[in-house]
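What follows is the content of protein39.csv (CSV, C-alpha atoms).
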chain,number,residue,atom,x,y,z
D,1,ALA,CA,109.2,115.6,101.2
D,2,VAL,CA,107.0,113.7,103.7
D,3,ALA,CA,103.9,114.7,101.8
D,4,ALA,CA,105.5,113.6,98.6
D,5,VAL,CA,106.3,110.2,100.1
D,6,ILE,CA,102.7,109.8,101.3
D,7,VAL,CA,101.1,110.8,98.0
D,8,LEU,CA,103.4,109.3,95.5
D,9,LEU,CA,104.9,106.3,97.2
D,10,LEU,CA,102.7,104.9,100.0
D,11,TRP,CA,99.2,106.2,99.2
D,12,PRO,CA,97.3,103.1,98.2
D,13,GLU,CA,95.9,104.6,95.0
D,14,SER,CA,99.2,106.1,93.8
D,15,ILE,CA,100.6,105.5,90.4
D,16,VAL,CA,103.3,103.2,91.8
D,17,GLY,CA,102.7,99.5,92.3
D,18,PRO,CA,102.6,97.5,95.6
D,19,SER,CA,106.1,96.1,95.0
D,20,PHE,CA,107.7,99.5,95.0
D,21,GLN,CA,105.6,100.6,98.0
D,22,MET,CA,106.7,97.5,100.0
D,23,SER,CA,110.3,98.0,99.0
D,24,PHE,CA,110.3,101.6,100.1
D,25,ALA,CA,108.5,100.8,103.3
D,26,ALA,CA,111.0,98.0,104.1
D,27,VAL,CA,114.0,100.4,103.6
D,28,ILE,CA,112.4,103.1,105.8
D,29,ALA,CA,111.7,100.4,108.5
D,30,ILE,CA,115.3,99.1,108.4
D,31,VAL,CA,116.8,102.6,108.6
D,32,ALA,CA,114.5,103.7,111.4
D,33,LEU,CA,115.2,100.6,113.4
D,34,HIS,CA,119.0,100.7,113.1
D,35,ASN,CA,119.1,104.5,113.8
D,36,GLY,CA,117.5,103.9,117.1
D,37,GLY,CA,119.7,104.5,120.1
D,38,TRP,CA,118.9,101.1,121.7
D,39,ALA,CA,119.7,99.3,118.4
D,40,ARG,CA,123.1,101.1,118.1
D,41,ALA,CA,123.9,100.2,121.7
D,42,PHE,CA,122.8,96.6,121.2
D,43,LEU,CA,125.0,96.2,118.1
D,44,ALA,CA,128.0,98.2,119.4
D,45,PRO,CA,131.3,96.3,119.4
D,46,ARG,CA,132.3,94.9,122.7
D,47,ASP,CA,134.8,92.5,124.2
D,48,GLU,CA,132.9,89.2,124.2
D,49,PRO,CA,133.1,85.6,122.9
D,50,ARG,CA,132.4,85.0,119.3
D,51,MET,CA,129.2,83.0,120.0
D,52,ALA,CA,127.8,85.8,122.1
D,53,ARG,CA,128.4,88.3,119.2
D,54,LEU,CA,126.7,85.8,116.8
D,55,ALA,CA,123.8,85.5,119.2
D,56,ARG,CA,123.3,89.3,119.2
D,57,GLN,CA,123.5,89.5,115.5
D,58,THR,CA,121.0,86.7,115.1
D,59,ALA,CA,118.6,88.4,117.6
D,60,MET,CA,118.9,91.7,115.6
D,61,LEU,CA,118.2,89.8,112.4
D,62,LEU,CA,115.0,88.4,113.9
D,63,ILE,CA,114.0,91.8,115.3
D,64,THR,CA,114.6,93.4,111.9
D,65,GLY,CA,112.4,90.7,110.2
D,66,LEU,CA,109.6,91.4,112.7
D,67,VAL,CA,109.8,95.1,112.1
D,68,ILE,CA,109.7,94.7,108.3
D,69,GLU,CA,106.7,92.3,108.6
D,70,LEU,CA,104.9,94.9,110.7
D,71,ALA,CA,105.8,97.7,108.2
D,72,LEU,CA,104.7,95.7,105.2
D,73,MET,CA,101.5,94.3,106.7
D,74,PRO,CA,99.2,97.3,106.0
D,75,ILE,CA,100.3,97.5,102.4
D,76,VAL,CA,100.0,93.7,101.9
D,77,LEU,CA,96.5,93.7,103.5
D,78,PHE,CA,95.4,96.6,101.3
D,79,HIS,CA,96.5,95.0,98.1
D,80,PHE,CA,96.3,91.3,98.7
D,81,HIS,CA,94.0,90.9,101.7
D,82,ARG,CA,96.2,88.5,103.5
D,83,ALA,CA,99.1,88.6,105.9
D,84,GLY,CA,101.8,86.1,106.8
D,85,LEU,CA,102.6,85.8,110.5
D,86,TYR,CA,105.6,83.6,110.6
D,87,GLY,CA,107.7,85.1,107.8
D,88,ALA,CA,110.2,86.8,110.2
D,89,LEU,CA,110.9,83.4,111.9
D,90,ALA,CA,111.4,81.7,108.5
D,91,ASN,CA,113.7,84.5,107.4
D,92,VAL,CA,116.1,83.9,110.2
D,93,ILE,CA,117.0,80.6,108.5
D,94,ALA,CA,116.2,81.5,104.9
D,95,ILE,CA,118.2,84.7,104.6
D,96,PRO,CA,121.6,83.3,105.9
D,97,LEU,CA,121.0,80.2,103.8
D,98,VAL,CA,120.7,82.2,100.6
D,99,THR,CA,123.4,84.7,101.6
D,100,PHE,CA,126.1,82.4,102.8
D,101,VAL,CA,125.3,79.1,101.0
D,102,SER,CA,123.1,79.4,97.9
D,103,MET,CA,124.7,82.6,96.4
D,104,PRO,CA,128.3,81.5,96.9
D,105,LEU,CA,127.5,78.1,95.4
D,106,ILE,CA,125.9,79.7,92.4
D,107,ALA,CA,128.9,82.0,91.9
D,108,LEU,CA,131.3,79.1,92.2
D,109,ALA,CA,129.3,76.9,89.8
D,110,LEU,CA,129.3,79.7,87.2
D,111,ALA,CA,133.1,80.0,87.6
D,112,LEU,CA,133.6,76.2,87.3
D,113,ASP,CA,131.4,76.1,84.2
D,114,LEU,CA,134.2,77.8,82.3
D,115,ILE,CA,136.1,74.6,82.5
D,116,GLY,CA,133.1,72.3,82.4
D,117,ALA,CA,133.2,71.3,86.1
D,118,GLY,CA,130.3,73.1,87.5
D,119,ALA,CA,127.8,70.2,87.6
D,120,PRO,CA,128.5,69.0,91.2
D,121,VAL,CA,128.3,72.5,92.6
D,122,TRP,CA,125.1,73.2,90.7
D,123,TRP,CA,123.6,70.2,92.4
D,124,LEU,CA,124.6,71.5,95.8
D,125,ALA,CA,123.1,74.9,94.9
D,126,GLY,CA,119.9,73.2,93.9
D,127,GLN,CA,119.8,71.3,97.2
D,128,SER,CA,120.2,74.6,99.1
D,129,LEU,CA,117.3,76.2,97.1
D,130,ASP,CA,115.2,73.1,97.7
D,131,LEU,CA,115.8,73.5,101.4
D,132,MET,CA,114.8,77.1,101.2
D,133,LEU,CA,111.5,76.1,99.5
D,134,ALA,CA,110.9,73.4,102.0
D,135,ILE,CA,111.2,76.0,104.8
D,136,ALA,CA,108.7,78.2,103.0
D,137,HIS,CA,106.2,75.4,102.5
D,138,PHE,CA,106.6,74.2,106.1
D,139,THR,CA,106.0,77.7,107.4
D,140,ALA,CA,103.0,78.3,105.2
D,141,ALA,CA,101.5,75.0,106.3
D,142,GLN,CA,101.4,75.9,110.0
D,143,PRO,CA,98.1,76.8,111.6
D,144,GLY,CA,97.5,80.5,111.4
D,145,ALA,CA,100.4,81.1,109.1
D,146,VAL,CA,98.2,83.2,106.8
D,147,LYS,CA,95.3,85.3,107.8
D,148,LEU,CA,92.7,86.8,105.4
D,149,PHE,CA,91.2,90.2,106.0
D,150,PRO,CA,88.5,92.2,104.2
D,151,HIS,CA,89.7,95.1,102.1
D,152,PRO,CA,90.6,98.0,104.5
D,153,GLY,CA,89.6,101.6,103.5
D,154,PRO,CA,92.1,104.1,102.1
D,155,TRP,CA,91.8,106.3,105.3
D,156,THR,CA,92.9,103.3,107.4
D,157,MET,CA,95.9,102.9,105.1
D,158,ALA,CA,96.6,106.6,105.4
D,159,LEU,CA,96.7,106.4,109.2
D,160,PHE,CA,99.2,103.5,109.0
D,161,VAL,CA,101.4,105.5,106.7
D,162,ALA,CA,101.3,108.7,108.8
D,163,GLY,CA,102.1,106.7,112.0
D,164,GLY,CA,104.8,104.8,110.3
D,165,LEU,CA,106.5,107.9,108.9
D,166,TRP,CA,106.3,109.6,112.3
D,167,LEU,CA,108.0,106.6,113.9
D,168,ALA,CA,110.7,106.7,111.3
D,169,LEU,CA,111.4,110.4,111.2
D,170,TRP,CA,111.2,111.5,114.8
D,171,GLN,CA,113.7,110.9,117.5
D,172,GLY,CA,113.4,110.6,121.3
D,173,ARG,CA,110.2,110.3,123.2
D,174,ALA,CA,108.2,112.2,120.5
D,175,ARG,CA,108.6,109.2,118.3
D,176,ALA,CA,106.1,107.3,120.5
D,177,TRP,CA,103.3,109.6,119.3
D,178,GLY,CA,103.4,107.7,116.0
D,179,LEU,CA,101.9,104.7,117.8
D,180,ALA,CA,98.6,106.6,118.2
D,181,PRO,CA,97.5,106.6,114.5
D,182,VAL,CA,98.9,103.1,114.1
D,183,ALA,CA,96.8,101.8,117.0
D,184,LEU,CA,93.7,103.6,115.6
D,185,ALA,CA,94.3,102.2,112.1
D,186,SER,CA,94.7,98.7,113.6
D,187,ALA,CA,91.4,99.1,115.4
D,188,LEU,CA,89.7,100.3,112.2
D,189,MET,CA,91.2,97.4,110.2
D,190,LEU,CA,89.9,94.8,112.7
D,191,ALA,CA,86.5,96.5,112.6
D,192,THR,CA,86.4,96.5,108.7
D,193,PRO,CA,83.0,95.1,107.8
D,194,VAL,CA,82.9,92.0,105.5
D,195,PRO,CA,81.0,92.8,102.3
D,196,ASP,CA,77.7,90.9,102.2
D,197,VAL,CA,77.8,90.5,98.4
D,198,LEU,CA,80.7,90.5,95.9
D,199,VAL,CA,80.2,90.7,92.2
D,200,SER,CA,82.8,90.1,89.5
D,201,SER,CA,83.2,92.7,86.7
D,202,ASP,CA,81.5,90.5,84.2
D,203,GLY,CA,78.6,89.6,86.5
D,204,ARG,CA,79.2,85.9,86.1
D,205,HIS,CA,80.6,85.3,89.6
D,206,VAL,CA,78.8,86.3,92.8
D,207,GLY,CA,79.9,85.6,96.3
D,208,ILE,CA,77.6,85.9,99.3
D,209,THR,CA,79.1,85.9,102.8
D,210,THR,CA,77.3,84.4,105.8
D,211,ALA,CA,77.3,85.1,109.5
D,212,ASP,CA,79.5,82.1,110.1
D,213,ARG,CA,82.2,83.4,107.7
D,214,ARG,CA,81.4,81.1,104.8
D,215,LEU,CA,81.2,82.1,101.1
D,216,ILE,CA,78.3,81.1,98.9
D,217,MET,CA,79.1,81.2,95.2
D,218,LEU,CA,76.6,81.5,92.4
D,219,ARG,CA,78.5,79.4,90.0
D,220,ASP,CA,80.9,76.5,90.4
D,221,THR,CA,84.2,77.4,88.8
D,222,ASP,CA,87.3,75.6,87.8
D,223,SER,CA,89.2,78.9,88.1
D,224,ALA,CA,91.3,78.9,91.3
D,225,TYR,CA,92.0,82.5,90.7
D,226,THR,CA,88.4,83.5,90.7
D,227,ARG,CA,87.6,81.5,93.7
D,228,ASP,CA,90.6,82.7,95.7
D,229,ASN,CA,90.0,86.3,94.7
D,230,LEU,CA,86.4,86.2,96.1
D,231,MET,CA,87.6,84.4,99.2
D,232,GLN,CA,90.3,87.0,99.8
D,233,LEU,CA,88.0,90.0,99.3
D,234,ALA,CA,85.5,88.4,101.7
D,235,GLY,CA,88.3,87.5,104.2
D,236,VAL,CA,87.1,83.9,104.5
D,237,GLU,CA,89.2,80.7,104.5
D,238,ALA,CA,86.6,77.9,104.5
D,239,GLU,CA,85.8,76.3,101.1
D,240,PRO,CA,83.0,78.0,99.2
D,241,VAL,CA,79.5,76.5,99.0
D,242,ALA,CA,77.4,76.5,95.8
D,243,LEU,CA,74.3,78.6,96.0
D,244,ALA,CA,72.2,75.9,94.5
D,245,ASP,CA,73.1,73.7,97.5
D,246,TRP,CA,72.4,76.4,100.1
D,247,PRO,CA,69.3,75.9,102.2
D,248,GLY,CA,66.7,78.6,101.4
D,249,ALA,CA,68.0,79.3,97.9
D,250,ARG,CA,65.7,78.6,95.0
D,251,CYS,CA,67.4,78.0,91.6
D,252,SER,CA,66.2,77.4,88.2
D,253,PRO,CA,68.3,77.0,85.0
D,254,GLU,CA,67.9,80.7,84.4
D,255,PHE,CA,68.1,82.4,87.9
D,256,CYS,CA,68.7,81.9,91.6
D,257,SER,CA,66.9,83.8,94.3
D,258,VAL,CA,67.9,84.0,97.9
D,259,THR,CA,66.9,86.1,100.9
D,260,LEU,CA,69.5,87.6,103.3
D,261,GLU,CA,68.6,88.8,106.8
D,262,ARG,CA,70.6,91.9,107.9
D,263,ASP,CA,69.7,93.8,111.0
D,264,GLY,CA,66.2,92.4,111.0
D,265,ARG,CA,65.5,93.4,107.4
D,266,PRO,CA,65.2,90.8,104.6
D,267,TRP,CA,67.1,91.5,101.4
D,268,HIS,CA,65.9,89.6,98.3
D,269,LEU,CA,68.5,88.8,95.7
D,270,LEU,CA,67.9,87.7,92.1
D,271,LEU,CA,71.0,86.3,90.4
D,272,ALA,CA,71.3,85.2,86.7
D,273,ARG,CA,73.0,81.9,86.2
D,274,SER,CA,72.7,81.4,82.5
D,275,ASP,CA,72.0,83.3,79.2
D,276,LEU,CA,68.7,81.4,78.6
D,277,VAL,CA,65.9,83.6,77.3
D,278,VAL,CA,63.3,84.5,79.9
D,279,GLU,CA,59.9,85.9,79.1
D,280,GLU,CA,60.1,89.6,79.7
D,281,ARG,CA,56.9,90.0,81.7
D,282,ALA,CA,57.9,87.2,84.1
D,283,LEU,CA,61.4,88.7,84.5
D,284,ALA,CA,59.9,92.1,85.2
D,285,ALA,CA,57.7,90.7,87.9
D,286,ALA,CA,60.6,88.8,89.5
D,287,CYS,CA,62.8,92.0,89.4
D,288,GLN,CA,60.0,94.0,91.1
D,289,ARG,CA,60.1,91.6,94.0
D,290,ALA,CA,63.8,91.8,94.4
D,291,ASP,CA,66.0,94.3,96.1
D,292,ILE,CA,69.1,93.5,94.1
D,293,VAL,CA,69.4,91.9,90.6
D,294,VAL,CA,72.8,90.8,89.2
D,295,ALA,CA,73.2,89.5,85.7
D,296,ASP,CA,76.0,89.0,83.2
D,297,ARG,CA,73.7,90.1,80.4
D,298,TRP,CA,71.8,93.2,79.4
D,299,LEU,CA,68.5,93.3,81.2
D,300,PRO,CA,65.5,95.1,79.8
D,301,ARG,CA,64.4,98.5,81.2
D,302,SER,CA,61.2,96.7,82.5
D,303,CYS,CA,63.5,95.0,85.1
D,304,ARG,CA,63.4,97.4,88.0
D,305,PRO,CA,64.5,96.1,91.4
D,306,ARG,CA,64.0,98.1,94.5
D,307,TRP,CA,67.6,99.1,95.0
D,308,LEU,CA,70.2,97.9,92.6
D,309,LYS,CA,70.3,96.4,89.0
D,310,ALA,CA,73.9,95.3,88.3
D,311,ASP,CA,73.6,94.0,84.7
D,312,ARG,CA,76.2,94.2,81.9
D,313,ARG,CA,75.2,97.8,81.2
D,314,MET,CA,76.2,98.9,84.7
D,315,LEU,CA,79.1,96.6,85.3
D,316,SER,CA,80.8,97.6,82.1
D,317,VAL,CA,81.2,101.1,83.7
D,318,SER,CA,81.5,100.3,87.4
D,319,GLY,CA,83.7,97.1,87.3
D,320,GLY,CA,83.3,94.7,90.1
D,321,LEU,CA,81.1,95.5,93.1
D,322,ALA,CA,81.3,95.1,96.9
D,323,ILE,CA,77.9,95.4,98.5
D,324,GLN,CA,77.3,96.2,102.1
D,325,LEU,CA,73.7,95.7,103.3
D,326,ASP,CA,73.7,97.1,106.8
D,327,PRO,CA,73.8,100.0,106.1
D,328,PRO,CA,73.3,99.8,102.4
D,329,GLU,CA,76.5,100.8,100.7
D,330,LEU,CA,78.0,100.1,97.2
D,331,THR,CA,81.7,100.1,96.4
D,332,THR,CA,82.9,99.8,92.8
D,333,VAL,CA,86.2,99.0,91.2
D,334,ALA,CA,85.9,102.2,89.2
D,335,GLN,CA,86.0,104.3,92.4
D,336,GLY,CA,89.6,103.2,93.0
D,337,GLN,CA,90.8,102.3,89.5
D,338,GLY,CA,88.7,104.5,87.2
D,339,GLU,CA,91.2,107.3,87.1
D,340,HIS,CA,94.1,105.1,86.1
D,341,GLY,CA,95.3,104.8,82.5
D,342,TRP,CA,95.1,101.0,82.6
D,343,TRP,CA,91.4,100.9,83.6
D,344,ARG,CA,88.6,102.3,81.5
D,345,GLY,CA,84.9,101.5,81.4
D,346,GLU,CA,83.4,100.7,78.1
D,347,ASP,CA,81.9,104.2,77.8
D,348,GLY,CA,85.3,105.8,78.5
D,349,ASP,CA,84.6,106.9,82.1

Is it possible to express this structure as structure tokens?
Amino acid sequence: AVAAVIVLLLWPESIVGPSFQMSFAAVIAIVALHNGGWARAFLAPRDEPRMARLARQTAMLLITGLVIELALMPIVLFHFHRAGLYGALANVIAIPLVTFVSMPLIALALALDLIGAGAPVWWLAGQSLDLMLAIAHFTAAQPGAVKLFPHPGPWTMALFVAGGLWLALWQGRARAWGLAPVALASALMLATPVPDVLVSSDGRHVGITTADRRLIMLRDTDSAYTRDNLMQLAGVEAEPVALADWPGARCSPEFCSVTLERDGRPWHLLLARSDLVVEERALAAACQRADIVVADRWLPRSCRPRWLKADRRMLSVSGGLAIQLDPPELTTVAQGQGEHGWWRGEDGD
């Protein structure tokens, strides 16, 4: 049963989506927390003032929110590359607001609609929902509310899953052994290298990360989705910079070239920025001087860079790319999505 949970429910490349994974992880976390001896003792009925009982319940609500945040964080980081840090605190207000104010008001408004008198109550329900949204916006606007991380590897995620299930299933002192894989996975996540170069599946958008955690983009884009996606994959928060404006980059209407220094070695990149026709002999000579060539078009066979040619022919099969230069390593979308029914390269692989 545990193996089935890991493979079918929480394994990052499983057939189920992140929403189901997060829901299942949250349920496991809640059950494990409230089955703990200290939690049962903390919530046990006792002779005390009503305010003291309310304070204990509020404290447990906060603790439950924190545990859920910790349980969901690995899944959220794997799929969305970002984690919220203050969600548990916001939920202490938002959950009671929705449970005891918004939902009863909505139910009352629906009932009063039968006699055409629901408008005032609908207004009150709207105000309560506006308050909930204001809490969410206030929390998200705080410094450090959201942290971006590079994409962790599947084995890092597997360690989180194994440790989390151990903590949930075992009782007594043996439960603490589940902290070992969680601690190891946390260290691996913090040490996850940032990709040096990110390439979109069509080759039009290329992001280059710098030592000071900036993102240099080949093309200016009005698409917030494209920009945000590259920033999330790179784990950077500062606004991107256009490659044409970056010192050391040389750009023409057809191509941009830039040299990256990694571990004392220069890497020469040649990036296509338009579909203008280039004389084949000149293109072949430029490719020969480059280590990596990226283009959103088909490049001739005479274009032979020293390491990687990511043109339309390759990208149609591989999907997007994450390139690590030290040591040289290439990760493709097809490696993680190519076996799924909703993703197919143009050649059927």

Inset, instruction - Quick one: pull the distance between CA of Leu54 in chain D and CA of Ala26 in chain D, Å, one decimal. - result: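 Interatomic distance, CA of Leu54 in chain D to CA of Ala26 in chain D: 23.6 Å.
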
List the spatial neighbours of Trp123 in chain D as a tab-separated table (two decimals) with C-alpha atoms, keeping the file's coordinate frame - criterion: any atom at most 12 Å away, all atoms listed in the file, same-chain residues fewer than 3 positions off excluded.
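Output below, filename around_21.tsv:
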chain	number	residue	atom	x	y	z
D	102	SER	CA	123.10	79.40	97.90
D	105	LEU	CA	127.50	78.10	95.40
D	106	ILE	CA	125.90	79.70	92.40
D	108	LEU	CA	131.30	79.10	92.20
D	109	ALA	CA	129.30	76.90	89.80
D	117	ALA	CA	133.20	71.30	86.10
D	118	GLY	CA	130.30	73.10	87.50
D	119	ALA	CA	127.80	70.20	87.60
D	120	PRO	CA	128.50	69.00	91.20
D	126	GLY	CA	119.90	73.20	93.90
D	127	GLN	CA	119.80	71.30	97.20
D	128	SER	CA	120.20	74.60	99.10
D	129	LEU	CA	117.30	76.20	97.10
D	130	ASP	CA	115.20	73.10	97.70

Inset, instruction - Please identify all polymer residues within 10 Å of range 284-294 of chain D, counting all atoms listed in the file, omitting same-chain residues fewer than 6 positions from it, and present them as a ChimeraX atom specification. - result: /D:199,203-206,255,257-259,266-273,278,300-312,314-315

Legend entry - Which of D:Leu243, D:Met132, D:Val197, D:Leu230 sits closest to Pro96 in chain D [using only C-alpha atoms]: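 Nearest to Pro96 in chain D: D:Met132.
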
Inset, instruction - Grab the CA of Leu159 in chain D to CA of Ala187 in chain D distance for me, in Å with one decimal place. - result: 10.9 Å

Legend entry - Residue among D:Ala183, D:Val98, D:Leu188, D:Ala29 lying closest to Leu169 in chain D, counting all atoms listed in the file: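 Smallest distance to Leu169 in chain D is found for D:Ala29.
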
Inset, instruction - Rank nothing, just name the residue among D:Pro45, D:Gly153, D:Gly172, D:Gly65 nearest to Ile30 in chain D, using only C-alpha atoms. - result: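 Smallest distance to Ile30 in chain D is found for D:Gly65.
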
Legend entry - For CA of Ile93 in chain D and CA of Ala52 in chain D, the interatomic separation in Å (one decimal):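 Those two atoms sit 18.1 Å apart.
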